[in-house]
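Notes follow the structure.
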Amino acid sequence: MNMAPVFLEDLEFDKEILEQGELISDKLNLLRLEQYPPHALKGLRQFSLAEVAEYLGVTQNHIKKLHLEGKGPAPQVSGSGRRTYTAGQMMDLRRYLDKHGRSDFKKYVPHRRNGEELQVISVVNFKGGSGKTTSAAHLAQYLALTGHRVLAIDLDPQASLTSLHGIQPELDRNPSLYEALRYDSERKSITELIRPTNFPGLDIVPANLELQEYEYETPLAASSKNQTEGKLFFTRISQALKEVDAQYDVVVIDCPPQLGYLTLTALSASTAVLITVHPQMLDVMSMSQFLLMLGGILESIKGAGASVKLKWFRYLVTRYEPTDQPQAQMVGFLQALFNKRMLKNQMVKSTAISDAGITKQTLYEIEKSQFTRSTYERAVESLNAVNGEIVSLIHGAWGRK
């Protein structure tokens, strides 16, 4: 009888894998301590006069005049006369302009008004590597920089959005949204799970591996004779968000790259869906399967009592290289098929975005001086165009012009 040889070291793979996971975690924490001393907490750079003017929607001269007249927050002024503001000062300046502006219309502080519904945007894709988390992070931060009150929810057990905001799940021991979704008596209020970020106006519910438990527990709860909650699993995020409805204008949910119970629960709570797609054939084929599955499942849960509250959904082309002819053709193909559902702007592929990610930063955080000017400005222009278009959709859902 031929038997495959069993090597002793093979039996120790589980221990080795655990040890290597712990080793990587320890090294990442050392890097975090070096980057964000003394307490391993992320700070945030100052913003130039040009950036502040763009985010506030005013001219640079208008802001200069306010400073010279002693109105609003005082910026830091360099020896060459260059003005910079912290994100907190930018928020203060926004409030000052809103209070002392010529119009009663709240142009500078875009918070929800009476009758305007909390906007919940789920960012989804069936395939990893589509730029989903990068898009969600930059959108949440842009919304905060433009004066909105934002809650980011990381629903992906891999916790990439969490890590981008300076939190290391396996070390910081922050509870995830699972604690507000679980089916036992240990369930917590979402208010206990929210953490502030380094961006004023942006809070986050971190993720961790425990989120995966929801995928296992939901079918068990649904099949239990004494458990009706599991059959209405799709209402659980909606119910959790009711507790903080008045505190935020927009919720951005980074969904896991799979069509499981977490994603379906997020979609059922959403007023909008952003589907990221990398313009290559395999990715578009994967998206086709995702849409077929999603449509079928949404029909099923709609029949079970779920109410679909979508105001809009859009496809966002990510990691786009306009000079790549096959990619350009694929974008043209998608625009011909889904013209009204495609965002007019694309997220271009940029070394600036990927390089910033190496140090767990976004383009809104990292210092411009670390890149060549043209590379940085091209990437930021693309980001702002995409996110500005999404802000217009949000305001349109509120009925604003």
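Quick note on naming: the chains in the structure tokens go A, B, ... in the order shown, residues restart at 1 in each chain, and ligands are numbered from 1 in order of appearance.
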Spatial neighbours of Ser288 in chain A, 12 Å, only C-alpha atoms, chain gap at least 5 places, as a list in words:
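My list of contacting residues is Asn125, Phe126, Lys127, Ile275, Val277, Met281, Leu282, Asp283, Met293, Leu294, Gly295 and Leu334 of chain A.
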Applying 9 Å and only C-alpha atoms, which residues near Ile63 in chain A remain after dropping the ones on its own chain fewer than 3 positions away? List them as a list in words.
Leu49, Val52, Ala53, Val58, Thr59, Gln60, Leu66, His67, Leu68 and Leu93 of chain A
What is the distance between CA of Asn387 in chain A and CA of Tyr142 in chain A, in Å to one decimal?
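Going from CA of Asn387 in chain A over to CA of Tyr142 in chain A, I get 6.8 Å.
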Rounded to one decimal, what separation in Å do you get between CA of Glu192 in chain A and CA of Ile253 in chain A?
17.6 Å
Which polymer residues have any atom within 9 Å of an atom of Gln346 in chain A, counting only C-alpha atoms, with same-chain residues fewer than 4 positions away left out, as a PDB file with all heavy atoms, in the first residue's frame?
```pdb
ATOM      1  N   LEU A 316     -19.012  53.334  -9.928  1.00  0.00           N
ATOM      2  CA  LEU A 316     -17.816  54.183  -9.894  1.00  0.00           C
ATOM      3  C   LEU A 316     -16.643  53.415 -10.481  1.00  0.00           C
ATOM      4  O   LEU A 316     -16.241  52.377  -9.955  1.00  0.00           O
ATOM      5  CB  LEU A 316     -17.500  54.592  -8.442  1.00  0.00           C
ATOM      6  CG  LEU A 316     -16.116  55.210  -8.193  1.00  0.00           C
ATOM      7  CD1 LEU A 316     -15.937  56.500  -9.001  1.00  0.00           C
ATOM      8  CD2 LEU A 316     -15.906  55.476  -6.702  1.00  0.00           C
ATOM      9  N   VAL A 317     -16.102  53.926 -11.574  1.00  0.00           N
ATOM     10  CA  VAL A 317     -14.911  53.322 -12.182  1.00  0.00           C
ATOM     11  C   VAL A 317     -13.702  53.714 -11.350  1.00  0.00           C
ATOM     12  O   VAL A 317     -13.463  54.902 -11.104  1.00  0.00           O
ATOM     13  CB  VAL A 317     -14.741  53.790 -13.643  1.00  0.00           C
ATOM     14  CG1 VAL A 317     -13.407  53.301 -14.210  1.00  0.00           C
ATOM     15  CG2 VAL A 317     -15.897  53.281 -14.490  1.00  0.00           C
ATOM     16  N   THR A 318     -12.947  52.724 -10.885  1.00  0.00           N
ATOM     17  CA  THR A 318     -11.797  52.973 -10.011  1.00  0.00           C
ATOM     18  C   THR A 318     -10.517  52.480 -10.664  1.00  0.00           C
ATOM     19  O   THR A 318     -10.533  51.666 -11.595  1.00  0.00           O
ATOM     20  CB  THR A 318     -11.973  52.261  -8.662  1.00  0.00           C
ATOM     21  OG1 THR A 318     -12.149  50.855  -8.899  1.00  0.00           O
ATOM     22  CG2 THR A 318     -13.190  52.793  -7.916  1.00  0.00           C
ATOM     23  N   ARG A 319      -9.391  52.983 -10.157  1.00  0.00           N
ATOM     24  CA  ARG A 319      -8.059  52.580 -10.631  1.00  0.00           C
ATOM     25  C   ARG A 319      -7.977  52.675 -12.150  1.00  0.00           C
ATOM     26  O   ARG A 319      -7.432  51.816 -12.827  1.00  0.00           O
ATOM     27  CB  ARG A 319      -7.730  51.164 -10.141  1.00  0.00           C
ATOM     28  CG  ARG A 319      -7.637  51.041  -8.627  1.00  0.00           C
ATOM     29  CD  ARG A 319      -7.501  49.611  -8.176  1.00  0.00           C
ATOM     30  NE  ARG A 319      -6.308  49.007  -8.788  1.00  0.00           N
ATOM     31  CZ  ARG A 319      -6.255  47.738  -9.214  1.00  0.00           C
ATOM     32  NH1 ARG A 319      -7.318  46.959  -9.101  1.00  0.00           N
ATOM     33  NH2 ARG A 319      -5.159  47.271  -9.742  1.00  0.00           N
ATOM     34  N   TYR A 320      -8.533  53.753 -12.674  1.00  0.00           N
ATOM     35  CA  TYR A 320      -8.660  53.936 -14.119  1.00  0.00           C
ATOM     36  C   TYR A 320      -7.406  54.570 -14.705  1.00  0.00           C
ATOM     37  O   TYR A 320      -6.900  55.563 -14.191  1.00  0.00           O
ATOM     38  CB  TYR A 320      -9.888  54.807 -14.406  1.00  0.00           C
ATOM     39  CG  TYR A 320     -10.129  55.116 -15.863  1.00  0.00           C
ATOM     40  CD1 TYR A 320     -10.038  54.118 -16.832  1.00  0.00           C
ATOM     41  CD2 TYR A 320     -10.475  56.406 -16.268  1.00  0.00           C
ATOM     42  CE1 TYR A 320     -10.275  54.405 -18.169  1.00  0.00           C
ATOM     43  CE2 TYR A 320     -10.735  56.696 -17.596  1.00  0.00           C
ATOM     44  CZ  TYR A 320     -10.621  55.695 -18.548  1.00  0.00           C
ATOM     45  OH  TYR A 320     -10.855  55.981 -19.874  1.00  0.00           O
ATOM     46  N   SER A 382      -8.943  64.243  -9.292  1.00  0.00           N
ATOM     47  CA  SER A 382      -9.823  63.113  -9.586  1.00  0.00           C
ATOM     48  C   SER A 382     -10.691  62.776  -8.378  1.00  0.00           C
ATOM     49  O   SER A 382     -11.915  62.589  -8.503  1.00  0.00           O
ATOM     50  CB  SER A 382      -8.978  61.896  -9.988  1.00  0.00           C
ATOM     51  OG  SER A 382      -9.758  60.728 -10.038  1.00  0.00           O
ATOM     52  N   LEU A 383     -10.085  62.690  -7.204  1.00  0.00           N
ATOM     53  CA  LEU A 383     -10.825  62.379  -5.974  1.00  0.00           C
ATOM     54  C   LEU A 383     -11.922  63.409  -5.709  1.00  0.00           C
ATOM     55  O   LEU A 383     -13.068  63.049  -5.417  1.00  0.00           O
ATOM     56  CB  LEU A 383      -9.872  62.352  -4.784  1.00  0.00           C
ATOM     57  CG  LEU A 383      -9.027  61.104  -4.557  1.00  0.00           C
ATOM     58  CD1 LEU A 383      -8.030  61.364  -3.436  1.00  0.00           C
ATOM     59  CD2 LEU A 383      -9.911  59.916  -4.209  1.00  0.00           C
ATOM     60  N   ALA A 385     -13.359  65.446  -7.764  1.00  0.00           N
ATOM     61  CA  ALA A 385     -14.408  65.427  -8.781  1.00  0.00           C
ATOM     62  C   ALA A 385     -15.413  64.308  -8.496  1.00  0.00           C
ATOM     63  O   ALA A 385     -16.630  64.512  -8.562  1.00  0.00           O
ATOM     64  CB  ALA A 385     -13.792  65.254 -10.166  1.00  0.00           C
ATOM     65  N   VAL A 386     -14.898  63.124  -8.174  1.00  0.00           N
ATOM     66  CA  VAL A 386     -15.777  61.991  -7.844  1.00  0.00           C
ATOM     67  C   VAL A 386     -16.601  62.289  -6.598  1.00  0.00           C
ATOM     68  O   VAL A 386     -17.834  62.146  -6.588  1.00  0.00           O
ATOM     69  CB  VAL A 386     -14.944  60.702  -7.637  1.00  0.00           C
ATOM     70  CG1 VAL A 386     -15.787  59.619  -6.974  1.00  0.00           C
ATOM     71  CG2 VAL A 386     -14.388  60.204  -8.960  1.00  0.00           C
TER      72      VAL A 386
END
```
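Note that CA of Arg95 in chain A and CA of Gly147 in chain A are 9.1 Å apart.
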Env of Ala240 in chain A: 8 Å cut, atoms = only C-alpha atoms, seq-sep filter 6 positions within chain, self excluded. Answer as a PyMOL selection string.
chain A and resi 180-181+189-190
Dump of N, CA, C and O atoms for the selected residues, as a JSON list (two decimals), in the first residue's frame:
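Ended up saving to again-v6.json:
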```json
[["chain", "number", "residue", "atom", "x", "y", "z"],
["A", 180, "ALA", "N", -23.64, 45.29, 17.99],
["A", 180, "ALA", "CA", -24.98, 45.87, 17.87],
["A", 180, "ALA", "C", -25.90, 45.00, 17.02],
["A", 180, "ALA", "O", -27.10, 45.30, 16.93],
["A", 181, "LEU", "N", -25.35, 43.95, 16.40],
["A", 181, "LEU", "CA", -26.14, 43.10, 15.51],
["A", 181, "LEU", "C", -26.42, 41.72, 16.08],
["A", 181, "LEU", "O", -27.31, 41.02, 15.61],
["A", 189, "SER", "N", -25.58, 48.91, 22.37],
["A", 189, "SER", "CA", -26.02, 50.05, 21.58],
["A", 189, "SER", "C", -24.87, 50.50, 20.66],
["A", 189, "SER", "O", -23.70, 50.43, 21.04],
["A", 190, "ILE", "N", -25.21, 50.96, 19.47],
["A", 190, "ILE", "CA", -24.18, 51.44, 18.55],
["A", 190, "ILE", "C", -23.42, 52.63, 19.15],
["A", 190, "ILE", "O", -22.27, 52.88, 18.80]]
```
For Arg195 in chain A, list every protein, DNA or RNA residue within 8 Å, evaluated using only C-alpha atoms, and leave out those in the same chain fewer than 3 positions away; present the list as a CSV table (one decimal) with C-alpha atoms, in the first residue's frame.
```
chain,number,residue,atom,x,y,z
A,203,ASP,CA,-16.5,59.2,13.5
A,204,ILE,CA,-16.0,55.5,12.9
A,205,VAL,CA,-17.3,52.1,14.0
A,206,PRO,CA,-14.2,49.9,13.7
```
Tell me, as a list in words, which residues lie within 10 Å of Thr263 in chain A, counting only C-alpha atoms; anything in the same chain fewer than 5 positions away does not count.
Ser122, Val123, Val124, Asn125, Leu155, Asp156, Glu215, Phe234, Ile253, Asp254, Cys255, Pro256, Pro257, Gln258, Ser268, Ala269 and Leu294 of chain A
If you run DSSP on the backbone, which residues of range 225-398 of chain A are helix (DSSP H, G or I), as an MDAnalysis selection string?
chainID A and resid 229:242 245:247 261:269 281:303 325:337 339:341 351:358 368:370 373:397
Export, as a short mmCIF file (atom, residue, chain, number, x, y, z; two decimals), in the first residue's frame, the selected residues with C-alpha atoms.
```
data_model
loop_
_atom_site.label_atom_id
_atom_site.label_comp_id
_atom_site.auth_asym_id
_atom_site.auth_seq_id
_atom_site.Cartn_x
_atom_site.Cartn_y
_atom_site.Cartn_z
CA GLU A 229 -35.21 38.07 14.80
CA GLY A 230 -33.08 36.02 12.43
CA LYS A 231 -35.79 36.06 9.79
CA LEU A 232 -35.74 39.86 9.92
CA PHE A 233 -31.95 40.09 9.95
CA PHE A 234 -32.04 42.76 7.24
CA THR A 235 -33.50 45.33 9.66
CA ARG A 236 -30.69 45.15 12.22
CA ILE A 237 -28.44 47.95 10.91
CA SER A 238 -31.46 50.18 10.28
CA GLN A 239 -32.55 49.66 13.88
CA ALA A 240 -29.04 50.37 15.21
CA LEU A 241 -28.74 53.60 13.21
CA LYS A 242 -32.02 54.94 14.63
CA ASP A 245 -29.98 59.37 13.50
CA ALA A 246 -29.93 62.94 14.79
CA GLN A 247 -26.13 63.05 15.19
CA TYR A 261 -25.54 38.60 5.42
CA LEU A 262 -23.44 41.62 6.43
CA THR A 263 -23.66 43.13 2.93
CA LEU A 264 -27.37 42.37 2.60
CA THR A 265 -28.10 43.91 6.01
CA ALA A 266 -26.17 47.04 4.98
CA LEU A 267 -27.97 47.27 1.63
CA SER A 268 -31.34 46.99 3.37
CA ALA A 269 -30.43 49.98 5.53
CA MET A 281 -12.87 42.23 -18.48
CA LEU A 282 -12.55 39.83 -15.54
CA ASP A 283 -13.72 42.49 -13.10
CA VAL A 284 -16.72 43.41 -15.24
CA MET A 285 -17.62 39.70 -15.61
CA SER A 286 -17.42 39.37 -11.82
CA MET A 287 -19.62 42.45 -11.42
CA SER A 288 -22.18 40.86 -13.77
CA GLN A 289 -22.43 37.82 -11.49
CA PHE A 290 -22.61 40.06 -8.44
CA LEU A 291 -25.53 42.04 -9.88
CA LEU A 292 -27.45 38.89 -10.87
CA MET A 293 -27.04 37.44 -7.39
CA LEU A 294 -27.80 40.75 -5.68
CA GLY A 295 -30.97 41.34 -7.70
CA GLY A 296 -32.27 37.86 -6.93
CA ILE A 297 -31.54 38.06 -3.22
CA LEU A 298 -33.01 41.56 -2.87
CA GLU A 299 -36.20 40.30 -4.51
CA SER A 300 -36.35 37.51 -1.94
CA ILE A 301 -35.86 39.69 1.13
CA LYS A 302 -38.21 42.29 -0.31
CA GLY A 303 -40.82 39.54 -0.40
CA GLN A 325 -6.83 51.65 -24.56
CA PRO A 326 -8.58 48.45 -23.38
CA GLN A 327 -9.61 50.21 -20.15
CA ALA A 328 -10.89 53.23 -22.09
CA GLN A 329 -12.91 50.88 -24.31
CA MET A 330 -14.35 49.12 -21.26
CA VAL A 331 -15.39 52.45 -19.73
CA GLY A 332 -17.08 53.35 -23.02
CA PHE A 333 -18.84 49.98 -22.98
CA LEU A 334 -20.12 50.53 -19.43
CA GLN A 335 -21.23 54.09 -20.21
CA ALA A 336 -23.16 52.85 -23.25
CA LEU A 337 -24.92 50.22 -21.12
CA ASN A 339 -25.24 55.80 -18.90
CA LYS A 340 -27.57 57.19 -16.23
CA ARG A 341 -26.10 54.97 -13.51
CA THR A 351 0.95 56.19 -7.38
CA ALA A 352 0.12 58.99 -4.92
CA ILE A 353 -2.87 57.05 -3.56
CA SER A 354 -1.03 53.72 -3.38
CA ASP A 355 2.09 55.30 -1.85
CA ALA A 356 0.00 57.07 0.80
CA GLY A 357 -1.60 53.73 1.63
CA ILE A 358 1.79 52.24 2.48
CA LYS A 368 1.71 67.20 -0.65
CA SER A 369 5.49 67.68 -0.49
CA GLN A 370 6.01 63.91 -0.53
CA ARG A 373 3.31 68.33 -7.78
CA SER A 374 1.66 67.06 -10.97
CA THR A 375 1.17 63.53 -9.60
CA TYR A 376 -0.45 64.79 -6.40
CA GLU A 377 -2.66 67.39 -8.06
CA ARG A 378 -3.90 64.96 -10.71
CA ALA A 379 -4.91 62.44 -8.02
CA VAL A 380 -6.60 65.02 -5.77
CA GLU A 381 -8.44 66.55 -8.71
CA SER A 382 -9.82 63.11 -9.59
CA LEU A 383 -10.83 62.38 -5.97
CA ASN A 384 -12.52 65.73 -5.49
CA ALA A 385 -14.41 65.43 -8.78
CA VAL A 386 -15.78 61.99 -7.84
CA ASN A 387 -16.63 62.93 -4.27
CA GLY A 388 -18.10 66.28 -5.30
CA GLU A 389 -20.42 64.45 -7.69
CA ILE A 390 -21.51 62.14 -4.87
CA VAL A 391 -22.17 65.14 -2.58
CA SER A 392 -24.45 66.52 -5.30
CA LEU A 393 -26.38 63.24 -5.32
CA ILE A 394 -26.70 63.35 -1.52
CA HIS A 395 -28.00 66.92 -1.59
CA GLY A 396 -30.31 65.99 -4.46
CA ALA A 397 -31.78 63.19 -2.33
#
```
